[in-house]
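One file, input_6.cif, carrying mmCIF, C-alpha atoms:
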```
data_protein
#
loop_
_atom_site.label_atom_id
_atom_site.label_comp_id
_atom_site.auth_asym_id
_atom_site.auth_seq_id
_atom_site.Cartn_x
_atom_site.Cartn_y
_atom_site.Cartn_z
CA MET A 171 5.66 93.49 -120.91
CA ASN A 172 5.91 96.84 -122.70
CA CYS A 173 8.96 99.05 -123.32
CA LYS A 174 8.23 101.33 -120.35
CA GLU A 175 8.08 98.39 -117.93
CA PHE A 176 11.25 96.96 -119.48
CA ASP A 177 12.99 100.28 -118.97
CA ASN A 178 11.95 100.39 -115.29
CA TRP A 179 13.62 97.06 -114.62
CA VAL A 180 16.46 97.17 -117.09
CA TYR A 181 19.17 98.17 -114.63
CA SER A 182 18.31 95.41 -112.12
CA TYR A 183 18.17 93.03 -115.08
CA PHE A 184 21.59 94.18 -116.21
CA GLU A 185 22.98 93.69 -112.68
CA GLY A 186 21.61 90.12 -112.72
CA GLU A 187 19.28 90.71 -109.80
CA LEU A 188 16.02 89.56 -111.37
CA GLU A 189 14.59 86.08 -110.99
CA GLY A 190 11.48 84.05 -111.85
CA ASP A 191 8.63 85.37 -114.00
CA LEU A 192 9.98 88.91 -114.13
CA LYS A 193 13.28 87.74 -115.58
CA ILE A 194 11.48 85.53 -118.11
CA SER A 195 9.30 88.49 -119.20
CA MET A 196 12.41 90.68 -119.55
CA ASP A 197 14.19 88.00 -121.61
CA LYS A 198 11.15 87.69 -123.86
CA HIS A 199 10.77 91.43 -124.36
CA LEU A 200 14.45 91.75 -125.13
CA ALA A 201 14.17 89.04 -127.78
CA ASP A 202 11.08 90.65 -129.34
CA CYS A 203 11.83 94.39 -129.22
CA GLU A 204 14.50 95.80 -131.50
CA ARG A 205 14.57 99.23 -129.84
CA CYS A 206 14.99 97.86 -126.30
CA ARG A 207 17.63 95.43 -127.54
CA ARG A 208 19.57 98.37 -128.96
CA GLU A 209 19.22 100.33 -125.70
CA TYR A 210 20.29 97.36 -123.64
CA ALA A 211 23.34 96.75 -125.84
CA ALA A 212 24.28 100.42 -125.47
CA LEU A 213 23.99 100.18 -121.68
CA LYS A 214 26.24 97.13 -121.61
CA SER A 215 28.77 98.70 -123.93
CA LEU A 216 28.86 101.91 -121.89
CA ALA A 217 29.38 100.00 -118.63
CA SER A 218 32.13 97.97 -120.24
CA SER A 219 33.90 101.12 -121.56
CA LEU A 220 33.74 102.67 -118.10
CA SER A 221 35.11 99.53 -116.45
CA SER A 222 38.07 99.49 -118.80
CA ILE A 223 39.23 102.96 -117.71
CA LYS A 224 42.47 102.55 -115.78
CA LEU A 225 43.08 104.31 -112.48
CA PRO A 226 45.14 107.52 -112.84
CA GLU A 227 48.86 107.71 -112.22
CA VAL A 228 49.80 108.95 -108.77
CA PRO A 229 51.79 112.24 -108.99
CA PRO A 230 55.54 111.52 -109.00
CA GLY A 231 57.07 111.80 -105.52
CA PHE A 232 53.70 111.71 -103.74
CA ILE A 233 54.64 108.70 -101.61
CA GLN A 234 58.01 110.21 -100.60
CA ARG A 235 56.34 113.52 -99.70
CA THR A 236 53.55 111.86 -97.71
CA LEU A 237 55.44 109.14 -95.79
CA PRO A 238 57.09 111.46 -93.19
CA LYS A 239 53.70 113.09 -92.49
CA LEU A 240 52.14 109.68 -91.80
CA HIS A 241 54.95 108.74 -89.40
CA ILE A 242 54.55 112.04 -87.52
CA THR A 243 50.77 111.58 -87.36
CA TYR A 244 51.18 108.04 -86.06
CA ASN A 245 53.61 109.14 -83.34
CA LEU A 246 51.38 112.04 -82.30
CA THR A 247 48.10 110.19 -82.24
CA GLN A 248 48.39 106.43 -81.89
CA GLN A 249 50.91 106.24 -79.06
CA SER A 250 49.00 108.54 -76.78
CA LYS A 251 45.45 107.97 -77.95
CA PRO A 252 43.18 106.45 -75.29
CA THR A 253 41.26 103.42 -76.47
CA TRP A 254 38.19 101.69 -75.09
CA LYS A 255 40.37 98.78 -74.06
CA MET A 256 42.59 101.13 -72.10
CA PHE A 257 39.55 102.89 -70.62
CA TRP A 258 38.22 99.62 -69.21
CA LEU A 259 41.61 98.62 -67.88
CA ILE A 260 41.99 101.96 -66.10
CA ALA A 261 38.45 101.63 -64.73
CA ALA A 262 39.33 98.13 -63.46
CA SER A 263 42.51 99.47 -61.77
CA ILE A 264 40.56 102.21 -60.02
CA LEU A 265 37.91 99.71 -58.94
CA PHE A 266 40.62 97.43 -57.57
CA GLY A 267 42.13 100.32 -55.58
CA GLY A 268 38.67 101.28 -54.36
CA LEU A 269 37.97 97.73 -53.20
CA ILE A 270 41.14 97.69 -51.09
CA VAL A 271 40.19 101.00 -49.54
CA GLY A 272 36.65 99.73 -48.99
CA VAL A 273 37.74 96.53 -47.27
CA PHE A 274 40.48 97.92 -45.05
CA TYR A 275 39.59 101.53 -44.48
CA LEU A 276 35.83 101.94 -44.65
CA GLY A 277 34.89 99.29 -42.07
CA GLY A 278 35.57 96.10 -43.92
CA PHE A 279 38.74 95.56 -41.98
CA ALA A 280 36.87 95.90 -38.67
CA LYS A 281 34.61 93.04 -39.73
CA LEU A 282 37.63 90.90 -40.45
CA GLN A 283 38.93 91.79 -36.98
CA ASN A 284 35.64 90.70 -35.44
CA LEU A 285 36.15 87.27 -36.90
CA GLY A 286 39.20 87.07 -34.62
CA PHE A 287 41.52 85.76 -37.33
CA ILE A 288 43.66 88.86 -37.57
CA ASP A 289 43.85 89.41 -33.79
CA LYS A 290 44.90 85.84 -33.34
CA LEU A 291 47.56 86.16 -36.00
CA MET A 292 48.93 89.38 -34.50
CA LYS A 293 49.02 88.05 -30.92
CA ILE A 294 51.08 85.03 -31.81
CA SER A 295 54.75 85.51 -30.96
CA PRO A 296 57.11 85.47 -33.92
CA GLY A 297 58.82 82.31 -32.73
CA GLU A 298 55.64 80.31 -33.30
CA LEU A 299 55.32 81.27 -36.92
CA GLY A 300 57.06 80.66 -40.21
CA SER A 301 58.89 83.64 -41.70
CA TRP A 302 56.16 84.70 -44.22
CA GLN A 303 53.53 84.69 -41.47
CA VAL A 304 55.74 86.98 -39.35
CA TYR A 305 55.96 89.48 -42.16
CA LEU A 306 52.23 89.25 -42.81
CA SER A 307 51.36 89.85 -39.16
CA ILE A 308 53.69 92.91 -39.01
CA PHE A 309 52.19 94.21 -42.25
CA LEU A 310 48.62 93.83 -40.97
CA LYS A 311 49.51 95.47 -37.65
CA VAL A 312 50.88 98.50 -39.45
CA LEU A 313 47.76 98.67 -41.61
CA VAL A 314 45.40 98.52 -38.66
CA GLN A 315 47.23 101.20 -36.79
CA ASN A 316 47.63 103.48 -39.86
CA PRO A 317 44.59 103.22 -42.14
CA TYR A 318 45.86 106.01 -44.41
CA TYR A 319 48.71 103.73 -45.48
CA VAL A 320 46.07 101.53 -47.10
CA MET A 321 44.91 104.42 -49.24
CA PHE A 322 48.45 105.26 -50.32
CA ILE A 323 49.17 101.65 -51.21
CA ALA A 324 45.91 101.38 -53.20
CA ILE A 325 46.64 104.57 -55.12
CA PHE A 326 50.20 103.43 -55.77
CA ILE A 327 48.99 100.09 -57.16
CA SER A 328 46.39 101.79 -59.39
CA VAL A 329 48.77 104.38 -60.81
CA THR A 330 51.51 101.80 -61.44
CA SER A 331 49.00 99.53 -63.21
CA ILE A 332 47.77 102.39 -65.41
CA LEU A 333 51.30 103.39 -66.40
CA TRP A 334 52.23 99.80 -67.16
CA ILE A 335 49.09 99.21 -69.25
CA ARG A 336 49.64 102.46 -71.20
CA LYS A 337 53.16 101.43 -72.04
CA LYS A 338 52.04 97.98 -73.17
CA LEU A 339 49.28 99.38 -75.39
CA ALA A 340 51.49 102.01 -77.00
CA TYR A 341 54.23 99.70 -78.24
CA ASN A 342 52.57 96.34 -78.80
CA MET B 162 52.16 87.40 -93.21
CA GLU B 163 50.47 89.79 -90.81
CA LYS B 164 47.62 91.81 -92.36
CA LEU B 165 48.32 95.38 -93.44
CA GLU B 166 45.78 96.78 -90.96
CA SER B 167 47.50 95.04 -88.02
CA ARG B 168 50.94 96.21 -89.13
CA LEU B 169 49.62 99.76 -89.47
CA LYS B 170 48.14 99.66 -85.99
CA ASN B 171 51.46 98.41 -84.64
CA GLY B 172 53.29 101.24 -86.42
CA LYS B 173 55.48 99.03 -88.62
CA PRO B 174 57.38 101.48 -90.90
CA GLU B 175 57.05 99.41 -94.10
CA ALA B 176 53.25 99.28 -93.62
CA PHE B 177 52.90 103.05 -94.24
CA ARG B 178 54.64 102.77 -97.61
CA GLU B 179 52.52 99.76 -98.51
CA LEU B 180 49.37 101.67 -97.58
CA LEU B 181 50.34 104.55 -99.89
CA GLU B 182 51.41 102.30 -102.75
CA GLU B 183 48.28 100.20 -102.63
CA TYR B 184 45.62 102.83 -102.06
CA SER B 185 46.94 106.06 -103.64
CA PRO B 186 45.63 105.21 -107.16
CA MET B 187 42.14 104.58 -105.79
CA VAL B 188 42.20 107.76 -103.66
CA PHE B 189 43.46 109.90 -106.56
CA SER B 190 40.93 108.38 -108.91
CA LEU B 191 38.02 109.39 -106.68
CA ILE B 192 39.56 112.83 -106.11
CA ASP B 193 39.91 113.30 -109.88
CA ARG B 194 36.21 112.61 -110.43
CA MET B 195 35.01 114.77 -107.53
CA ILE B 196 37.40 117.72 -107.38
CA PHE B 197 38.12 119.72 -110.49
CA ASP B 198 40.67 122.08 -108.97
CA ARG B 199 43.92 120.30 -109.85
CA THR B 200 46.02 122.44 -107.49
CA ILE B 201 44.49 121.00 -104.33
CA ARG B 202 44.28 117.35 -105.28
CA GLU B 203 47.57 116.29 -103.69
CA ASP B 204 46.83 118.20 -100.47
CA LEU B 205 43.47 116.44 -100.25
CA ALA B 206 45.07 113.04 -100.82
CA GLN B 207 47.56 113.72 -98.01
CA GLU B 208 44.77 114.84 -95.69
CA ILE B 209 42.90 111.61 -96.43
CA PHE B 210 45.88 109.39 -95.59
CA ILE B 211 46.54 111.39 -92.42
CA LYS B 212 42.91 110.83 -91.43
CA VAL B 213 43.35 107.10 -92.06
CA ILE B 214 46.31 107.01 -89.64
CA GLU B 215 44.52 109.17 -87.06
CA ASN B 216 41.52 106.85 -87.05
CA LEU B 217 43.35 103.51 -87.16
CA GLN B 218 42.06 102.44 -83.76
CA SER B 219 38.45 102.85 -84.86
CA PHE B 220 38.95 100.39 -87.75
CA ARG B 221 37.25 97.08 -86.97
CA GLU B 222 39.28 94.14 -88.20
CA ASP B 223 36.17 92.29 -89.37
CA SER B 224 35.54 94.93 -92.04
CA LYS B 225 37.47 95.45 -95.28
CA LEU B 226 40.35 97.92 -95.19
CA SER B 227 39.75 99.08 -98.76
CA THR B 228 36.07 99.88 -98.06
CA TRP B 229 37.04 101.72 -94.87
CA ILE B 230 39.66 103.85 -96.67
CA TYR B 231 37.23 104.43 -99.51
CA THR B 232 34.57 105.66 -97.06
CA ILE B 233 37.06 108.06 -95.41
CA THR B 234 38.06 109.34 -98.87
CA TYR B 235 34.47 109.89 -99.99
CA ARG B 236 33.40 111.63 -96.76
CA HIS B 237 36.50 113.83 -96.68
CA LEU B 238 35.83 114.97 -100.24
CA ILE B 239 32.14 115.60 -99.55
CA ASP B 240 33.12 117.67 -96.48
CA HIS B 241 35.61 119.59 -98.59
CA LEU B 242 32.99 120.33 -101.25
CA ARG B 243 30.55 121.53 -98.57
CA ARG B 244 33.21 123.67 -96.88
CA THR B 245 34.28 125.34 -100.07
CA ARG B 246 30.65 125.77 -101.22
CA HIS B 247 31.56 124.04 -104.39
CA ASP B 248 28.70 123.89 -106.80
CA PRO B 249 28.49 120.30 -107.97
CA MET B 250 26.33 121.28 -110.90
CA GLU B 251 28.88 123.81 -112.13
CA LYS B 252 30.58 121.30 -114.41
CA THR B 253 27.34 120.08 -115.90
CA GLU B 254 27.05 123.21 -117.95
CA SER B 255 30.67 123.25 -119.01
CA LEU B 256 30.32 120.63 -121.69
CA GLU B 257 28.23 121.92 -124.53
CA PRO B 258 26.92 119.42 -127.04
CA THR B 259 28.84 121.22 -129.75
CA MET B 260 32.16 120.85 -127.92
CA SER B 261 34.59 118.72 -129.85
CA LEU B 262 35.95 115.66 -128.17
CA SER B 263 37.99 114.47 -131.08
CA THR B 264 41.11 112.47 -130.34
CA GLN B 265 43.43 114.88 -132.17
CA ASP B 266 45.19 115.86 -128.94
CA HIS B 267 45.82 112.26 -128.05
CA PRO B 268 48.00 110.32 -130.42
CA GLU B 269 47.01 106.90 -129.06
CA PRO B 270 43.42 106.07 -129.97
CA LEU B 271 42.74 104.08 -126.80
CA GLU B 272 44.04 106.88 -124.59
CA GLY B 273 41.93 109.35 -126.56
CA GLN B 274 38.85 107.22 -126.08
CA ARG B 275 39.55 107.00 -122.36
CA ASN B 276 39.94 110.77 -122.06
CA ALA B 277 36.78 111.37 -124.06
CA MET B 278 34.84 109.03 -121.78
CA LEU B 279 36.21 110.75 -118.68
CA LYS B 280 35.28 114.16 -120.09
CA ILE B 281 31.73 113.03 -120.65
CA LEU B 282 31.63 111.47 -117.19
CA ASP B 283 32.87 114.72 -115.63
CA ALA B 284 30.11 116.56 -117.45
CA ILE B 285 27.22 114.81 -115.73
CA PRO B 286 25.93 115.96 -112.31
CA GLU B 287 28.00 114.96 -109.31
CA LYS B 288 25.36 112.74 -107.72
CA TYR B 289 25.39 110.46 -110.77
CA ARG B 290 29.10 110.80 -111.50
CA ILE B 291 30.14 109.61 -108.03
CA VAL B 292 28.08 106.41 -108.01
CA ILE B 293 29.07 105.56 -111.59
CA THR B 294 32.74 106.07 -110.71
CA MET B 295 32.37 103.81 -107.69
CA ARG B 296 30.47 101.11 -109.59
CA TYR B 297 32.39 100.92 -112.85
CA LEU B 298 35.77 102.60 -112.48
CA HIS B 299 36.38 101.16 -109.01
CA GLU B 300 34.18 98.07 -109.29
CA ARG B 301 32.44 98.54 -105.94
CA SER B 302 29.29 96.53 -105.30
CA ILE B 303 25.92 98.29 -104.96
CA LYS B 304 25.89 97.23 -101.29
CA ASP B 305 29.32 98.79 -100.71
CA ILE B 306 28.30 102.02 -102.46
CA SER B 307 25.17 102.17 -100.33
CA ARG B 308 27.28 101.78 -97.17
CA ILE B 309 29.91 104.30 -98.28
CA THR B 310 27.48 107.00 -99.38
CA ASP B 311 24.84 106.29 -96.73
CA LEU B 312 22.19 106.02 -99.45
CA PRO B 313 19.61 103.21 -99.75
CA GLU B 314 20.57 100.55 -102.31
CA GLY B 315 17.50 101.44 -104.41
CA THR B 316 18.60 105.08 -104.64
CA VAL B 317 22.11 104.00 -105.66
CA LYS B 318 20.72 101.84 -108.48
CA VAL B 319 18.38 104.59 -109.70
CA ARG B 320 21.25 107.08 -109.75
CA ILE B 321 23.54 104.72 -111.64
CA HIS B 322 20.84 103.99 -114.20
CA ARG B 323 19.97 107.67 -114.69
CA GLY B 324 23.68 108.52 -114.87
CA LEU B 325 24.27 105.89 -117.54
CA ARG B 326 21.34 107.22 -119.54
CA LEU B 327 22.76 110.73 -119.31
CA LEU B 328 26.18 109.48 -120.34
CA ARG B 329 24.67 107.73 -123.33
CA LYS B 330 22.81 110.86 -124.30
CA LYS B 331 25.93 113.01 -123.95
CA SER B 332 28.17 110.59 -125.83
CA HIS B 333 25.57 110.37 -128.59
CA LEU B 334 25.54 114.16 -128.85
CA MET B 335 29.34 114.17 -128.95
CA GLU B 336 29.34 111.71 -131.83
CA ILE B 337 26.92 113.93 -133.75
CA SER B 338 28.93 117.09 -133.04
CA ASN B 339 32.15 115.36 -134.11
CA GLU B 340 30.56 114.27 -137.35
CA LEU B 341 29.46 117.84 -138.17
#
```
Could you spell out this file's structure in structure tokens?
Amino acid sequence: MNCKEFDNWVYSYFEGELEGDLKISMDKHLADCERCRREYAALKSLASSLSSIKLPEVPPGFIQRTLPKLHITYNLTQQSKPTWKMFWLIAASILFGGLIVGVFYLGGFAKLQNLGFIDKLMKISPGELGSWQVYLSIFLKVLVQNPYYVMFIAIFISVTSILWIRKKLAYN
Amino acid sequence: MEKLESRLKNGKPEAFRELLEEYSPMVFSLIDRMIFDRTIREDLAQEIFIKVIENLQSFREDSKLSTWIYTITYRHLIDHLRRTRHDPMEKTESLEPTMSLSTQDHPEPLEGQRNAMLKILDAIPEKYRIVITMRYLHERSIKDISRITDLPEGTVKVRIHRGLRLLRKKSHLMEISNEL
């Protein structure tokens, strides 16, 4: 190895990145060449002087002056900032509302009616049923007769879910 | 104890103070080596910490908070230099080989040596000064520097090596000029 080659690799050598034959050649050249030894020692000494430089003092009062600004920034940004997590939760709420509308309003409910289950449930007199089934049959009757109610209920559920999720994300 | 990044995300008041106490020296140190206008250094440091808070949600918990803050600091300063059309080479010419860097102004020899070293460091071109500051003053790994600066690791190493050579040349010239 000559001095030029040594110089090309000296920084990687200094960082301890060389292995095998290349490292052995570098070691050998360093042992044999006075000039390169001097250069290498200078590089090490310079790096060591730089590493010993302490970080500067922070201007007095900087923390006190900056703290209120950080609190304001946090309140302005973090509590109202949409996140991906929130985006997916909102998307899920809307999808849920859409599914309800799809099932009950856009024909899905008619298919359920064709199965006869709902008709049967609604034709049964209240005396034959337990209390929860009475309420369910009344609820379904109202839905069948007023499909727009389904939409309102779906929108209400979606909006309530979004508001609840937002609140949870902002303060947790 | 809960990690600082989690407490920051949850808006715990003591976490903001801890953030400033822990990272201000590092932020100011990089500002000192990149921005020579002393009057705007504190404003820049405040802008950097505000940016950290604004972007808290984008911080991934599997990465290191110090590297993330360091990257924000570096990019903010680079943006500032571009915006203000700062000439990074301007300082290179400001240190003539004949300029005295004797320690007369500094009564403590160690402090004088430190200041002399910083003066020489500030006199080399920005592209070398930044990577040398990151590697030796802040003890960042080559891999970290590559990630922070968006430069290939090979380029980072070449710049550090060339920067060290320049520093050696400059400090050698200083020694000669001081002897004269």
* Asked: Taking into account only C-alpha atoms, which residue in the set A:Ala262, A:Val228, A:Leu188, A:Ile325 is nearest to chain B?
  ->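 The answer is A:Val228, which sits nearest to chain B.
The residues returned by the PyMOL selection byres ((chain B) within 7 of (chain A)) on the shown structure are Asn171, Phe177, Arg178, Leu181, Ser185, Pro186, Met187, Phe189, Ser190, Gln207, Ile211, Ile214, Glu215, Arg275, Tyr297, Leu298 and His322 of chain B.
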* Structure fact -> note - CA of Ser328 in chain A and CA of Phe266 in chain A are separated by 7.5 Å
* Quote the spacing between CA of Ile285 in chain B and CA of Leu325 in chain B in Å to one decimal place. => 9.6 Å
* **d(CA of Glu300 in chain B, CA of Val188 in chain B) in Å** =>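 Taking CA of Glu300 in chain B as the start and CA of Val188 in chain B as the end point, the length is 13.8 Å.
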* the PyMOL selection byres ((chain B and resi 327-331) around 9) on the file shown: which residues, as a PyMOL selection string? -> (chain A and resi 212-213+216) or (chain B and resi 258+278+281-282+284-285+289+322-326+332-336)
